[in-house]
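K.L.:
Pasting my_file31.cif below, which is mmCIF, N, CA and C atoms.
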```cif
data_upload
#
loop_
_atom_site.label_atom_id
_atom_site.label_comp_id
_atom_site.auth_asym_id
_atom_site.auth_seq_id
_atom_site.Cartn_x
_atom_site.Cartn_y
_atom_site.Cartn_z
N THR X 1 0.84 -1.19 0.00
CA THR X 1 0.00 0.00 0.00
C THR X 1 0.88 1.24 0.00
N SER X 2 0.31 2.37 -0.37
CA SER X 2 1.10 3.60 -0.40
C SER X 2 1.50 4.02 1.02
N LYS X 3 0.62 3.78 2.00
CA LYS X 3 0.96 4.11 3.39
C LYS X 3 2.12 3.25 3.87
N ASN X 4 2.08 1.98 3.56
CA ASN X 4 3.15 1.07 3.93
C ASN X 4 4.47 1.47 3.26
N LEU X 5 4.39 1.86 2.00
CA LEU X 5 5.58 2.29 1.27
C LEU X 5 6.21 3.50 1.96
N ARG X 6 5.42 4.48 2.33
CA ARG X 6 5.95 5.67 2.99
C ARG X 6 6.60 5.32 4.32
N GLN X 7 5.97 4.44 5.09
CA GLN X 7 6.54 4.04 6.38
C GLN X 7 7.88 3.33 6.18
N ARG X 8 7.91 2.40 5.26
CA ARG X 8 9.16 1.66 5.01
C ARG X 8 10.23 2.56 4.43
N MET X 9 9.82 3.47 3.56
CA MET X 9 10.78 4.39 2.96
C MET X 9 11.38 5.30 4.02
N HIS X 10 10.56 5.83 4.93
CA HIS X 10 11.08 6.69 5.99
C HIS X 10 12.04 5.93 6.89
N ARG X 11 11.72 4.71 7.21
CA ARG X 11 12.61 3.88 8.04
C ARG X 11 13.92 3.62 7.31
N PHE X 12 13.83 3.36 6.02
CA PHE X 12 15.03 3.10 5.23
C PHE X 12 15.92 4.34 5.19
N VAL X 13 15.33 5.51 5.00
CA VAL X 13 16.10 6.76 4.99
C VAL X 13 16.80 6.96 6.34
N GLU X 14 16.11 6.67 7.43
CA GLU X 14 16.72 6.78 8.76
C GLU X 14 17.93 5.84 8.88
N LEU X 15 17.79 4.61 8.39
CA LEU X 15 18.89 3.66 8.44
C LEU X 15 20.08 4.13 7.62
N ILE X 16 19.81 4.65 6.42
CA ILE X 16 20.89 5.14 5.56
C ILE X 16 21.61 6.32 6.22
N ARG X 17 20.86 7.26 6.77
CA ARG X 17 21.48 8.42 7.41
C ARG X 17 22.31 8.02 8.63
N ALA X 18 21.82 7.08 9.41
CA ALA X 18 22.57 6.60 10.56
C ALA X 18 23.87 5.94 10.11
N ARG X 19 23.80 5.14 9.08
CA ARG X 19 25.00 4.47 8.59
C ARG X 19 25.96 5.48 7.94
N ALA X 20 25.41 6.47 7.24
CA ALA X 20 26.25 7.47 6.55
C ALA X 20 27.12 8.24 7.54
N SER X 21 26.66 8.40 8.76
CA SER X 21 27.45 9.14 9.76
C SER X 21 28.76 8.44 10.10
N HIS X 22 28.89 7.19 9.72
CA HIS X 22 30.11 6.42 10.00
C HIS X 22 31.00 6.27 8.77
N TYR X 23 30.58 6.83 7.64
CA TYR X 23 31.35 6.70 6.40
C TYR X 23 32.08 8.00 6.10
N PRO X 24 33.34 7.92 5.69
CA PRO X 24 34.09 9.13 5.36
C PRO X 24 33.85 9.62 3.92
N THR X 25 33.02 8.91 3.16
CA THR X 25 32.75 9.29 1.77
C THR X 25 31.25 9.49 1.58
N LYS X 26 30.88 9.92 0.39
CA LYS X 26 29.47 10.10 0.05
C LYS X 26 28.79 8.77 -0.22
N ASN X 27 29.55 7.75 -0.55
CA ASN X 27 28.98 6.44 -0.88
C ASN X 27 28.77 5.63 0.39
N VAL X 28 27.57 5.10 0.53
CA VAL X 28 27.22 4.28 1.69
C VAL X 28 26.83 2.90 1.18
N LEU X 29 27.47 1.90 1.71
CA LEU X 29 27.16 0.53 1.33
C LEU X 29 26.05 0.02 2.24
N PHE X 30 24.98 -0.45 1.63
CA PHE X 30 23.84 -0.97 2.39
C PHE X 30 23.44 -2.29 1.74
N LEU X 31 23.74 -3.38 2.40
CA LEU X 31 23.37 -4.70 1.87
C LEU X 31 21.96 -5.05 2.34
N TRP X 32 21.16 -5.51 1.42
CA TRP X 32 19.77 -5.86 1.73
C TRP X 32 19.62 -7.36 1.80
N GLY X 33 19.26 -7.85 2.96
CA GLY X 33 18.92 -9.26 3.10
C GLY X 33 20.11 -10.18 3.10
N ASP X 34 19.80 -11.46 3.04
CA ASP X 34 20.80 -12.50 3.02
C ASP X 34 20.18 -13.73 2.34
N ASP X 35 20.91 -14.80 2.29
CA ASP X 35 20.42 -16.00 1.60
C ASP X 35 19.12 -16.54 2.18
N PHE X 36 18.92 -16.36 3.46
CA PHE X 36 17.77 -16.98 4.11
C PHE X 36 16.58 -16.03 4.25
N ARG X 37 16.78 -14.76 4.03
CA ARG X 37 15.71 -13.80 4.21
C ARG X 37 14.80 -13.69 2.99
N PHE X 38 15.34 -13.87 1.82
CA PHE X 38 14.57 -13.64 0.60
C PHE X 38 14.13 -14.95 -0.04
N ALA X 39 13.12 -15.57 0.55
CA ALA X 39 12.58 -16.81 -0.03
C ALA X 39 11.89 -16.52 -1.35
N ASN X 40 11.29 -15.33 -1.48
CA ASN X 40 10.62 -14.93 -2.71
C ASN X 40 11.32 -13.67 -3.22
N ALA X 41 12.45 -13.85 -3.87
CA ALA X 41 13.29 -12.73 -4.28
C ALA X 41 12.57 -11.77 -5.21
N ASP X 42 11.72 -12.26 -6.10
CA ASP X 42 11.03 -11.40 -7.05
C ASP X 42 10.20 -10.34 -6.32
N VAL X 43 9.45 -10.74 -5.32
CA VAL X 43 8.63 -9.80 -4.55
C VAL X 43 9.52 -8.81 -3.81
N ASN X 44 10.58 -9.29 -3.20
CA ASN X 44 11.47 -8.41 -2.45
C ASN X 44 12.16 -7.40 -3.34
N PHE X 45 12.63 -7.82 -4.51
CA PHE X 45 13.28 -6.88 -5.42
C PHE X 45 12.30 -5.84 -5.94
N LYS X 46 11.06 -6.24 -6.20
CA LYS X 46 10.05 -5.27 -6.64
C LYS X 46 9.79 -4.24 -5.54
N ASN X 47 9.73 -4.68 -4.29
CA ASN X 47 9.53 -3.75 -3.18
C ASN X 47 10.72 -2.82 -3.00
N MET X 48 11.93 -3.35 -3.14
CA MET X 48 13.13 -2.50 -3.06
C MET X 48 13.11 -1.46 -4.17
N ASP X 49 12.72 -1.89 -5.38
CA ASP X 49 12.65 -0.96 -6.51
C ASP X 49 11.68 0.18 -6.22
N LYS X 50 10.55 -0.11 -5.58
CA LYS X 50 9.58 0.93 -5.24
C LYS X 50 10.20 1.96 -4.30
N ILE X 51 10.92 1.49 -3.29
CA ILE X 51 11.57 2.40 -2.34
C ILE X 51 12.62 3.25 -3.05
N ILE X 52 13.45 2.61 -3.87
CA ILE X 52 14.51 3.33 -4.59
C ILE X 52 13.90 4.37 -5.53
N GLN X 53 12.88 4.01 -6.26
CA GLN X 53 12.25 4.94 -7.20
C GLN X 53 11.63 6.13 -6.46
N TYR X 54 10.99 5.87 -5.33
CA TYR X 54 10.36 6.95 -4.58
C TYR X 54 11.40 7.92 -4.04
N ILE X 55 12.46 7.40 -3.44
CA ILE X 55 13.49 8.27 -2.90
C ILE X 55 14.18 9.05 -4.02
N ASN X 56 14.50 8.39 -5.12
CA ASN X 56 15.16 9.08 -6.23
C ASN X 56 14.25 10.10 -6.90
N ALA X 57 12.95 9.94 -6.80
CA ALA X 57 12.02 10.94 -7.33
C ALA X 57 11.91 12.14 -6.39
N ASN X 58 12.45 12.01 -5.19
CA ASN X 58 12.39 13.07 -4.18
C ASN X 58 13.79 13.36 -3.61
N THR X 59 14.78 13.45 -4.50
CA THR X 59 16.16 13.62 -4.04
C THR X 59 16.37 14.92 -3.27
N LEU X 60 15.70 15.98 -3.65
CA LEU X 60 15.86 17.24 -2.92
C LEU X 60 15.30 17.13 -1.51
N ARG X 61 14.23 16.41 -1.36
CA ARG X 61 13.61 16.24 -0.04
C ARG X 61 14.48 15.41 0.89
N TYR X 62 15.08 14.34 0.35
CA TYR X 62 15.84 13.42 1.19
C TYR X 62 17.34 13.62 1.11
N ASN X 63 17.79 14.45 0.20
CA ASN X 63 19.21 14.74 0.03
C ASN X 63 20.03 13.47 -0.18
N MET X 64 19.50 12.58 -1.01
CA MET X 64 20.23 11.36 -1.35
C MET X 64 19.69 10.80 -2.65
N THR X 65 20.53 10.02 -3.28
CA THR X 65 20.17 9.28 -4.48
C THR X 65 20.60 7.85 -4.26
N LEU X 66 19.74 6.92 -4.57
CA LEU X 66 20.04 5.51 -4.37
C LEU X 66 20.35 4.84 -5.69
N ALA X 67 21.25 3.86 -5.64
CA ALA X 67 21.58 3.09 -6.82
C ALA X 67 21.84 1.65 -6.40
N VAL X 68 21.43 0.74 -7.24
CA VAL X 68 21.71 -0.67 -7.02
C VAL X 68 23.03 -0.97 -7.71
N CYS X 69 23.90 -1.63 -7.01
CA CYS X 69 25.19 -1.97 -7.62
C CYS X 69 25.67 -3.30 -7.08
N LEU X 70 26.66 -3.83 -7.72
CA LEU X 70 27.31 -5.03 -7.22
C LEU X 70 28.10 -4.65 -5.98
N PRO X 71 28.26 -5.57 -5.04
CA PRO X 71 28.93 -5.22 -3.78
C PRO X 71 30.32 -4.61 -3.93
N PHE X 72 31.06 -4.94 -4.98
CA PHE X 72 32.41 -4.40 -5.10
C PHE X 72 32.43 -2.93 -5.50
N SER X 73 31.39 -2.41 -6.12
CA SER X 73 31.42 -1.04 -6.64
C SER X 73 31.68 0.02 -5.58
N PRO X 74 30.93 0.09 -4.47
CA PRO X 74 31.23 1.10 -3.46
C PRO X 74 32.57 0.86 -2.79
N LEU X 75 32.93 -0.42 -2.60
CA LEU X 75 34.22 -0.73 -1.99
C LEU X 75 35.36 -0.31 -2.90
N GLU X 76 35.19 -0.53 -4.19
CA GLU X 76 36.20 -0.11 -5.15
C GLU X 76 36.38 1.41 -5.11
N SER X 77 35.30 2.15 -4.96
CA SER X 77 35.37 3.60 -4.85
C SER X 77 36.19 4.01 -3.63
N LEU X 78 35.96 3.36 -2.50
CA LEU X 78 36.72 3.68 -1.28
C LEU X 78 38.20 3.39 -1.48
N VAL X 79 38.52 2.26 -2.08
CA VAL X 79 39.93 1.89 -2.30
C VAL X 79 40.61 2.90 -3.21
N LEU X 80 39.94 3.29 -4.29
CA LEU X 80 40.53 4.26 -5.21
C LEU X 80 40.78 5.60 -4.53
N ARG X 81 39.86 6.03 -3.68
CA ARG X 81 40.04 7.29 -2.97
C ARG X 81 41.20 7.19 -1.98
N MET X 82 41.33 6.05 -1.33
CA MET X 82 42.43 5.86 -0.38
C MET X 82 43.77 5.88 -1.11
N ARG X 83 43.84 5.20 -2.25
CA ARG X 83 45.09 5.13 -3.01
C ARG X 83 45.49 6.49 -3.57
N SER X 84 44.50 7.33 -3.87
CA SER X 84 44.82 8.64 -4.43
C SER X 84 45.19 9.66 -3.35
N GLY X 85 45.03 9.26 -2.09
CA GLY X 85 45.33 10.18 -1.01
C GLY X 85 44.17 11.07 -0.63
N ALA X 86 43.02 10.89 -1.29
CA ALA X 86 41.85 11.71 -1.00
C ALA X 86 41.18 11.27 0.30
N LEU X 87 41.50 10.07 0.73
CA LEU X 87 40.89 9.54 1.95
C LEU X 87 41.98 8.93 2.80
N LEU X 88 42.13 9.40 3.99
CA LEU X 88 43.13 8.85 4.90
C LEU X 88 42.46 8.08 6.01
N CYS X 89 42.97 6.90 6.28
CA CYS X 89 42.40 6.06 7.34
C CYS X 89 43.35 5.99 8.52
#
```
Please lay out the structure from this file as structure tokens.
P.N.:
Amino acid sequence: TSKNLRQRMHRFVELIRARASHYPTKNVLFLWGDDFRFANADVNFKNMDKIIQYINANTLRYNMTLAVCLPFSPLESLVLRMRSGALLC
């Protein structure tokens, strides 16, 4: 439902913002689920897509843009920034 979508989307934004406070870059890695959580992956991916589309349609409101990527993509970004000296650990 649209009410359920808004509730889940707001909770998701809260989780992303909390996690972002621990990241030194603009990219935040957020893994969704695990092997045992998604018995019906098609339904879960459709629901994730709804959340992503809603937030990306309201980027000014939430000050974020979401993207689905392979797990190595955000990690690769962090490594490249570290190697270039742009990020010190």
K.L.:
Which value, in Å to one decimal, gives the distance between CA of Leu60 (chain X) and CA of Asn47 (chain X)?
P.N.:
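Pair CA of Leu60 (chain X) / CA of Asn47 (chain X) returns 21.9 Å.
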K.L.:
With the PyMOL selection byres ((chain X and resi 28) around 8) as the selection, what would be picked from this file? Answer as a PDB file with N, CA and C atoms, keeping the file's coordinate frame, please.
P.N.:
```
ATOM      1  N   ILE X  16      19.810   4.650   6.420  1.00  0.00           N
ATOM      2  CA  ILE X  16      20.890   5.140   5.560  1.00  0.00           C
ATOM      3  C   ILE X  16      21.610   6.320   6.220  1.00  0.00           C
ATOM      4  N   ARG X  19      23.800   5.140   9.080  1.00  0.00           N
ATOM      5  CA  ARG X  19      25.000   4.470   8.590  1.00  0.00           C
ATOM      6  C   ARG X  19      25.960   5.480   7.940  1.00  0.00           C
ATOM      7  N   ALA X  20      25.410   6.470   7.240  1.00  0.00           N
ATOM      8  CA  ALA X  20      26.250   7.470   6.550  1.00  0.00           C
ATOM      9  C   ALA X  20      27.120   8.240   7.540  1.00  0.00           C
ATOM     10  N   TYR X  23      30.580   6.830   7.640  1.00  0.00           N
ATOM     11  CA  TYR X  23      31.350   6.700   6.400  1.00  0.00           C
ATOM     12  C   TYR X  23      32.080   8.000   6.100  1.00  0.00           C
ATOM     13  N   THR X  25      33.020   8.910   3.160  1.00  0.00           N
ATOM     14  CA  THR X  25      32.750   9.290   1.770  1.00  0.00           C
ATOM     15  C   THR X  25      31.250   9.490   1.580  1.00  0.00           C
ATOM     16  N   LYS X  26      30.880   9.920   0.390  1.00  0.00           N
ATOM     17  CA  LYS X  26      29.470  10.100   0.050  1.00  0.00           C
ATOM     18  C   LYS X  26      28.790   8.770  -0.220  1.00  0.00           C
ATOM     19  N   ASN X  27      29.550   7.750  -0.550  1.00  0.00           N
ATOM     20  CA  ASN X  27      28.980   6.440  -0.880  1.00  0.00           C
ATOM     21  C   ASN X  27      28.770   5.630   0.390  1.00  0.00           C
ATOM     22  N   LEU X  29      27.470   1.900   1.710  1.00  0.00           N
ATOM     23  CA  LEU X  29      27.160   0.530   1.330  1.00  0.00           C
ATOM     24  C   LEU X  29      26.050   0.020   2.240  1.00  0.00           C
ATOM     25  N   PHE X  30      24.980  -0.450   1.630  1.00  0.00           N
ATOM     26  CA  PHE X  30      23.840  -0.970   2.390  1.00  0.00           C
ATOM     27  C   PHE X  30      23.440  -2.290   1.740  1.00  0.00           C
ATOM     28  N   LEU X  31      23.740  -3.380   2.400  1.00  0.00           N
ATOM     29  CA  LEU X  31      23.370  -4.700   1.870  1.00  0.00           C
ATOM     30  C   LEU X  31      21.960  -5.050   2.340  1.00  0.00           C
ATOM     31  N   PRO X  74      30.930   0.090  -4.470  1.00  0.00           N
ATOM     32  CA  PRO X  74      31.230   1.100  -3.460  1.00  0.00           C
ATOM     33  C   PRO X  74      32.570   0.860  -2.790  1.00  0.00           C
ATOM     34  N   LEU X  75      32.930  -0.420  -2.600  1.00  0.00           N
ATOM     35  CA  LEU X  75      34.220  -0.730  -1.990  1.00  0.00           C
ATOM     36  C   LEU X  75      35.360  -0.310  -2.900  1.00  0.00           C
TER      37      LEU X  75
END
```
K.L.:
State, in Å with one decimal place, the distance from CA of Arg61 (chain X) to CA of Met9 (chain X).
P.N.:
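It comes out at 12.5 Å.
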K.L.:
What does the distance from atom N of Phe12 (chain X) to atom N of Ile51 (chain X) come to in Å, to one decimal?
P.N.:
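Spanning atom N of Phe12 (chain X) to atom N of Ile51 (chain X) is a straight-line distance of 9.9 Å.
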